[in-house]
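Here's the structure, in structure tokens; my notes come after.
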Amino acid sequence: MLWLIAEDRFYYQNLTSLKSEYELEDIIVFPNNDDIRNNIQKSNIAFIAPYYPPKNIRSIFVIQILANKYGVLTSQEFKLKVSESKALENRLGLSVIHSPFSLKDIGGAESLKQYTKELLQAEAKGFRAKAIFLVGVPGTGKTFFPKCFAGETKRLLIQLNLTLIMEADEPIARLNAVFEYLSQRHTLNPSERYVILIDEIEKMIGNAEAIEKRLLGRLLTILNDMNTEAAEYKFDAIFFATANNLNSILDNNPELLRRGRFDELFFINLPDSKMAKGVFEIYLNKFQIADEVYSQMNLESILTEIEQYYSKANNAPDRFPYTSAEIETFCKKLHFYKIAYGYVTKEHILESIKLIIPIIKSAEEGVNRMMAQSELFLGV
Ligand SMILES: Nc1ncnc2c1ncn2[C@@H]1O[C@H](COP(=O)(O)OP(=O)(O)O)[C@@H](O)[C@H]1O
Ligand SMILES: [Mg+2]
């Protein structure tokens, strides 16, 4: 029994010619389970859809993929003048971003900034880094840092959509297609350099399933061979992988974190007071409310107020209770008051402290477990 896979609308508009080409009596479009069940015994019919048949009965079909009418483009994309690279990016689930951020947008995180400087110096002398791993509590800047790094180093940020890869009929083929695409792209634009972001990698390898093991194996091969003669893909890239929850990876796929895989591993903790201050300054200035806010309360007093208000929830005495993302949200809230009222009062500031409940309070247990990873992490 034949199952045709077609993304191009052309085929659905020309079913008659498809029927005669394949000598079929009928072609059933977008079949659901009932359609399949009701027609499976008939001869001379086929199914057509942009998706594969259900996994449990896939082996009874002969699957044929119908090529798009305009190379990579479907007729609908061609008509809408979608560029080939955009179409491919959509299909592969890639975001290709010219990052507007740089290291200046990051408050604190001195060791990351220092490392970046050293890396750039080493790169200028021919060194090639492969990959950096970032782990830590949500909102501490794990996704943000690679964006700033990409902007700072004038590399394109390529963000993989892991959910799309995992949901693909053939996740490994999908992953390969992504690297294939980057290789081709690099051939066309040899001066382009990439930051490849694999964000929240536990989505891909947080379980012990066979497919996850195979995906990890594939990824590790690519990483190991990068910048060597054996490399399948020739593009100039540095990988960033991030994770919130290291435990699921260590339990199921510890080989990811074997020594030597990554050039550097960073645990990003909650900020200390000094870093918190830096992040506050960045966002109060960005929202242009610094003078207004300081006329009501100086920054030290605001920091102390927040520390005291959440001291019970905070199990790490040398850490500030808000993550950088929460500090940003706090400043956004004050900015909102400024727009709504035309001014910011001390009451607005105190009210915002109560309203913005840090993750260390709202998800205390989970966060404590994540913070404990910092110890695990040094052992990796
Ligand atoms: N060190 C930092 N300095 C300035 N802003 C930050 C910092 N860390 C995080 N942010 C802000 O918080 C937002 C959320 O951070 P994100 O990187 O998504 O956290 P994570 O990926 O760790 O959950 C970022 O988009 C950025 O605006
Ligand atoms: Mg993130």
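Labeling convention for the structure tokens: chains A, B, ... as they appear, residues from 1 per chain, ligands from 1 in order of appearance.
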So which residues touch A:Gly217 within 12 Å, counting only C-alpha atoms, skipping near sequence neighbours fewer than 2 positions away, as a ChimeraX atom specification? /A:172,175,204-205,210-215,219-224,253-256
Given the selection you just returned, output its residues as a file containing N, CA and C atoms, formatted as a compact mmCIF listing (two decimals), in the first residue's frame.
```txt
# COMPACT_ATOMS: atom_id res chain seq x y z
N ILE A 172 16.90 11.82 14.30
CA ILE A 172 18.30 11.86 13.91
C ILE A 172 18.45 12.49 12.53
N LEU A 175 18.11 16.14 12.87
CA LEU A 175 19.32 16.77 13.41
C LEU A 175 20.40 16.86 12.32
N MET A 204 16.14 17.10 25.17
CA MET A 204 16.58 16.15 24.15
C MET A 204 17.16 14.90 24.78
N ILE A 205 17.82 15.06 25.94
CA ILE A 205 18.49 13.89 26.52
C ILE A 205 18.27 13.77 28.02
N ALA A 210 15.78 5.06 24.09
CA ALA A 210 16.75 4.69 23.07
C ALA A 210 17.00 5.82 22.09
N ILE A 211 15.93 6.50 21.70
CA ILE A 211 16.12 7.56 20.70
C ILE A 211 17.00 8.68 21.27
N GLU A 212 16.87 8.94 22.56
CA GLU A 212 17.68 9.99 23.17
C GLU A 212 19.15 9.58 23.20
N LYS A 213 19.39 8.32 23.47
CA LYS A 213 20.78 7.82 23.46
C LYS A 213 21.38 7.99 22.07
N ARG A 214 20.56 7.68 21.06
CA ARG A 214 21.08 7.77 19.68
C ARG A 214 21.33 9.22 19.30
N LEU A 215 20.42 10.08 19.71
CA LEU A 215 20.62 11.51 19.41
C LEU A 215 21.89 12.02 20.10
N LEU A 219 25.21 13.64 18.40
CA LEU A 219 25.68 14.96 18.79
C LEU A 219 27.14 14.90 19.27
N LEU A 220 27.46 13.86 20.03
CA LEU A 220 28.82 13.75 20.55
C LEU A 220 29.82 13.48 19.43
N THR A 221 29.40 12.69 18.44
CA THR A 221 30.28 12.47 17.28
C THR A 221 30.58 13.78 16.60
N ILE A 222 29.53 14.57 16.41
CA ILE A 222 29.74 15.85 15.74
C ILE A 222 30.68 16.73 16.57
N LEU A 223 30.43 16.76 17.87
CA LEU A 223 31.29 17.58 18.76
C LEU A 223 32.74 17.10 18.74
N ASN A 224 32.92 15.79 18.85
CA ASN A 224 34.28 15.25 18.91
C ASN A 224 35.07 15.55 17.64
N ASN A 253 22.00 10.21 31.03
CA ASN A 253 23.00 10.33 29.95
C ASN A 253 24.27 11.02 30.42
N PRO A 254 24.91 10.44 31.43
CA PRO A 254 26.07 11.12 32.03
C PRO A 254 27.22 11.32 31.05
N GLU A 255 27.26 10.53 29.98
CA GLU A 255 28.40 10.64 29.06
C GLU A 255 28.49 12.03 28.42
N LEU A 256 27.36 12.75 28.40
CA LEU A 256 27.41 14.12 27.85
C LEU A 256 28.46 14.95 28.58
```
Enumerate as a list of chain:residue names the residues within 6 Å of ligand 1, counting only C-alpha atoms and all ligand atoms. A:Asp105, A:Ile106, A:Gly107, A:Gly108, A:Ala109, A:Pro138, A:Gly139, A:Thr140, A:Gly141, A:Lys142, A:Thr143, A:Phe144, A:Val279, A:Ser324, A:Ala325
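Put simply, atom CA of A:Phe267 is 12.6 Å away from atom CA of A:Glu110.
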Within 12 Å of ligand 2, counting only C-alpha atoms and all ligand atoms, residues as a VMD selection string: chain A and resid 134 to 147 159 197 to 203 240 to 245 268 325
Kindly export the residues of the current selection with C-alpha atoms, as a CSV table (one decimal), in the first residue's frame.
```csv
chain,number,residue,atom,x,y,z
A,134,LEU,CA,25.8,26.4,31.1
A,135,VAL,CA,23.7,25.1,34.0
A,136,GLY,CA,21.7,26.9,36.7
A,137,VAL,CA,18.5,28.1,38.1
A,138,PRO,CA,15.9,29.5,35.6
A,139,GLY,CA,16.3,33.2,35.0
A,140,THR,CA,20.0,33.5,35.7
A,141,GLY,CA,20.9,34.2,32.0
A,142,LYS,CA,21.8,30.8,30.5
A,143,THR,CA,19.9,31.6,27.3
A,144,PHE,CA,20.9,35.3,27.4
A,145,PHE,CA,24.6,34.8,27.7
A,146,PRO,CA,25.0,32.9,24.3
A,147,LYS,CA,23.0,35.7,22.7
A,159,GLN,CA,19.0,28.3,17.9
A,197,LEU,CA,22.6,27.2,20.9
A,198,ILE,CA,21.1,23.9,22.2
A,199,ASP,CA,18.9,25.4,24.9
A,200,GLU,CA,17.6,23.3,27.7
A,201,ILE,CA,19.3,20.2,26.4
A,202,GLU,CA,17.4,18.0,28.9
A,203,LYS,CA,14.5,18.2,26.5
A,240,PHE,CA,26.5,26.4,23.8
A,241,ALA,CA,24.4,23.9,25.6
A,242,THR,CA,22.3,24.9,28.6
A,243,ALA,CA,20.4,23.0,31.2
A,244,ASN,CA,18.2,23.8,34.2
A,245,ASN,CA,18.2,20.4,35.6
A,268,ILE,CA,25.3,30.2,37.0
A,325,ALA,CA,15.5,38.0,35.1
```
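Every protein or nucleic acid residue with an atom no more than 10 Å from A:Glu307, counting only C-alpha atoms and leaving out same-chain residues fewer than 4 positions away, appears here: A:Ser273, A:Ser301, A:Ile302, A:Leu303, A:Ser311, A:Lys312, A:Ala313, A:Asn314, A:Pro317, A:Arg319, A:Phe320, A:Pro321, A:Tyr322, A:Ile353.
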Could the residues in this selection be written to a file with N, CA and C atoms, as a short mmCIF file (atom, residue, chain, number, x, y, z; two decimals), in the first residue's frame?
```cif
data_model
loop_
_atom_site.label_atom_id
_atom_site.label_comp_id
_atom_site.auth_asym_id
_atom_site.auth_seq_id
_atom_site.Cartn_x
_atom_site.Cartn_y
_atom_site.Cartn_z
N SER A 273 25.28 40.25 45.85
CA SER A 273 24.75 41.63 45.92
C SER A 273 25.43 42.53 44.89
N SER A 301 19.54 50.73 49.55
CA SER A 301 18.35 50.51 50.38
C SER A 301 17.37 49.57 49.70
N ILE A 302 17.23 49.70 48.38
CA ILE A 302 16.32 48.80 47.67
C ILE A 302 16.80 47.36 47.79
N LEU A 303 18.12 47.19 47.58
CA LEU A 303 18.70 45.84 47.68
C LEU A 303 18.48 45.26 49.09
N SER A 311 14.39 37.08 53.17
CA SER A 311 15.51 36.39 53.83
C SER A 311 15.13 34.98 54.29
N LYS A 312 13.85 34.81 54.69
CA LYS A 312 13.45 33.48 55.18
C LYS A 312 13.49 32.44 54.07
N ALA A 313 13.12 32.86 52.85
CA ALA A 313 13.06 31.92 51.74
C ALA A 313 14.45 31.61 51.18
N ASN A 314 15.39 32.48 51.48
CA ASN A 314 16.70 32.36 50.84
C ASN A 314 17.66 31.50 51.67
N PRO A 317 22.85 32.39 52.02
CA PRO A 317 22.99 33.72 52.64
C PRO A 317 23.86 34.69 51.84
N ARG A 319 23.79 35.00 48.68
CA ARG A 319 23.15 35.25 47.38
C ARG A 319 21.98 36.19 47.51
N PHE A 320 21.76 36.95 46.44
CA PHE A 320 20.61 37.85 46.38
C PHE A 320 19.37 37.01 46.05
N PRO A 321 18.20 37.35 46.63
CA PRO A 321 17.05 36.47 46.40
C PRO A 321 16.49 36.50 44.98
N TYR A 322 16.68 37.59 44.24
CA TYR A 322 16.16 37.65 42.88
C TYR A 322 17.20 37.15 41.87
N ILE A 353 8.30 44.98 45.43
CA ILE A 353 9.05 43.93 46.13
C ILE A 353 8.10 42.81 46.56
#
```
Which residues are close to A:Lys79, i.e. within 12 Å by only C-alpha atoms, leaving aside same-chain residues fewer than 4 positions away? Reply as a ChimeraX atom specification. /A:8-10,69-70,73-75,83
Taking the DSSP assignment computed from this structure's backbone, write out as an NGL selection string all residues of stretch 26-258 of chain A that belong to alpha helix (DSSP H). :A and (33-39 or 75-79 or 84-92 or 110-124 or 144-152 or 162-167 or 171-188 or 202-205 or 210-225 or 246-252)
Export C-alpha atoms of the chosen residues as an mmCIF file, in the first residue's frame?
```
data_model
loop_
_atom_site.group_PDB
_atom_site.id
_atom_site.type_symbol
_atom_site.label_atom_id
_atom_site.label_comp_id
_atom_site.auth_asym_id
_atom_site.auth_seq_id
_atom_site.Cartn_x
_atom_site.Cartn_y
_atom_site.Cartn_z
ATOM 1 C CA ASN A 33 -7.169 6.687 11.674
ATOM 2 C CA ASP A 34 -10.718 5.903 10.538
ATOM 3 C CA ASP A 35 -9.881 6.657 6.907
ATOM 4 C CA ILE A 36 -6.931 4.334 7.123
ATOM 5 C CA ARG A 37 -8.940 1.558 8.783
ATOM 6 C CA ASN A 38 -11.820 1.829 6.284
ATOM 7 C CA ASN A 39 -9.629 1.777 3.210
ATOM 8 C CA SER A 75 4.598 26.158 -4.680
ATOM 9 C CA GLN A 76 2.869 28.014 -1.854
ATOM 10 C CA GLU A 77 6.241 29.290 -0.568
ATOM 11 C CA PHE A 78 7.308 30.164 -4.096
ATOM 12 C CA LYS A 79 4.141 32.172 -4.642
ATOM 13 C CA GLU A 84 14.983 29.374 0.257
ATOM 14 C CA SER A 85 16.983 29.921 3.408
ATOM 15 C CA LYS A 86 13.930 31.155 5.340
ATOM 16 C CA ALA A 87 11.916 28.163 4.122
ATOM 17 C CA LEU A 88 14.639 25.788 5.220
ATOM 18 C CA GLU A 89 14.979 27.469 8.571
ATOM 19 C CA ASN A 90 11.226 27.138 9.149
ATOM 20 C CA ARG A 91 11.218 23.523 8.119
ATOM 21 C CA LEU A 92 14.218 22.663 10.236
ATOM 22 C CA GLU A 110 32.544 38.251 35.631
ATOM 23 C CA SER A 111 33.956 34.770 35.136
ATOM 24 C CA LEU A 112 31.961 34.334 31.914
ATOM 25 C CA LYS A 113 33.096 37.704 30.648
ATOM 26 C CA GLN A 114 36.693 36.983 31.601
ATOM 27 C CA TYR A 115 36.522 33.628 29.837
ATOM 28 C CA THR A 116 35.121 35.276 26.722
ATOM 29 C CA LYS A 117 38.015 37.712 26.638
ATOM 30 C CA GLU A 118 40.544 34.923 27.001
ATOM 31 C CA LEU A 119 38.789 32.892 24.353
ATOM 32 C CA LEU A 120 38.920 35.738 21.876
ATOM 33 C CA GLN A 121 42.632 36.209 22.546
ATOM 34 C CA ALA A 122 43.269 32.510 22.069
ATOM 35 C CA GLU A 123 41.144 32.437 18.893
ATOM 36 C CA ALA A 124 43.189 35.255 17.445
ATOM 37 C CA PHE A 144 20.874 35.274 27.436
ATOM 38 C CA PHE A 145 24.623 34.754 27.652
ATOM 39 C CA PRO A 146 25.029 32.937 24.297
ATOM 40 C CA LYS A 147 22.963 35.703 22.686
ATOM 41 C CA CYS A 148 25.332 38.332 24.085
ATOM 42 C CA PHE A 149 28.351 36.220 23.177
ATOM 43 C CA ALA A 150 27.088 35.932 19.585
ATOM 44 C CA GLY A 151 26.524 39.681 19.330
ATOM 45 C CA GLU A 152 29.868 40.460 20.928
ATOM 46 C CA LEU A 162 14.665 20.773 20.268
ATOM 47 C CA THR A 163 10.941 20.144 20.584
ATOM 48 C CA LEU A 164 10.612 20.118 16.811
ATOM 49 C CA ILE A 165 13.585 17.787 16.480
ATOM 50 C CA MET A 166 12.199 15.413 19.101
ATOM 51 C CA GLU A 167 8.730 15.411 17.521
ATOM 52 C CA PRO A 171 14.793 12.898 14.944
ATOM 53 C CA ILE A 172 18.304 11.859 13.908
ATOM 54 C CA ALA A 173 17.592 12.651 10.272
ATOM 55 C CA ARG A 174 16.204 15.992 11.389
ATOM 56 C CA LEU A 175 19.324 16.767 13.410
ATOM 57 C CA ASN A 176 21.523 15.780 10.473
ATOM 58 C CA ALA A 177 19.470 17.975 8.171
ATOM 59 C CA VAL A 178 20.151 20.931 10.464
ATOM 60 C CA PHE A 179 23.910 20.443 10.247
ATOM 61 C CA GLU A 180 23.683 19.714 6.539
ATOM 62 C CA TYR A 181 21.930 23.046 6.113
ATOM 63 C CA LEU A 182 24.576 24.896 8.124
ATOM 64 C CA SER A 183 27.312 23.259 6.087
ATOM 65 C CA GLN A 184 25.732 24.362 2.834
ATOM 66 C CA ARG A 185 25.081 27.797 4.203
ATOM 67 C CA HIS A 186 28.706 28.061 5.192
ATOM 68 C CA THR A 187 29.835 27.044 1.700
ATOM 69 C CA LEU A 188 27.791 29.907 0.281
ATOM 70 C CA GLU A 202 17.412 18.017 28.931
ATOM 71 C CA LYS A 203 14.477 18.236 26.492
ATOM 72 C CA MET A 204 16.581 16.154 24.155
ATOM 73 C CA ILE A 205 18.487 13.890 26.517
ATOM 74 C CA ALA A 210 16.754 4.687 23.066
ATOM 75 C CA ILE A 211 16.116 7.563 20.704
ATOM 76 C CA GLU A 212 17.682 9.994 23.175
ATOM 77 C CA LYS A 213 20.777 7.823 23.459
ATOM 78 C CA ARG A 214 21.077 7.768 19.683
ATOM 79 C CA LEU A 215 20.620 11.511 19.414
ATOM 80 C CA LEU A 216 23.249 12.056 22.074
ATOM 81 C CA GLY A 217 25.623 9.697 20.284
ATOM 82 C CA ARG A 218 25.151 11.633 17.077
ATOM 83 C CA LEU A 219 25.682 14.961 18.795
ATOM 84 C CA LEU A 220 28.818 13.745 20.552
ATOM 85 C CA THR A 221 30.279 12.467 17.285
ATOM 86 C CA ILE A 222 29.737 15.854 15.740
ATOM 87 C CA LEU A 223 31.285 17.579 18.758
ATOM 88 C CA ASN A 224 34.278 15.249 18.909
ATOM 89 C CA ASP A 225 35.072 15.603 15.224
ATOM 90 C CA LEU A 246 21.500 18.535 35.520
ATOM 91 C CA ASN A 247 20.221 15.617 37.577
ATOM 92 C CA SER A 248 18.069 14.183 34.804
ATOM 93 C CA ILE A 249 21.080 14.267 32.499
ATOM 94 C CA LEU A 250 23.473 12.786 35.032
ATOM 95 C CA ASP A 251 20.968 10.020 35.805
ATOM 96 C CA ASN A 252 20.249 9.091 32.221
#
```
Of the residues A:Thr16, A:Leu94, A:Leu334, A:Ile40, which is the one nearest to A:Asn161, using only C-alpha atoms?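 Among A:Thr16, A:Leu94, A:Leu334, A:Ile40, it is A:Leu94 that comes nearest to A:Asn161.
Pairwise distance (atom CA of A:Thr304, atom CA of A:His335) equals 20.5 Å.
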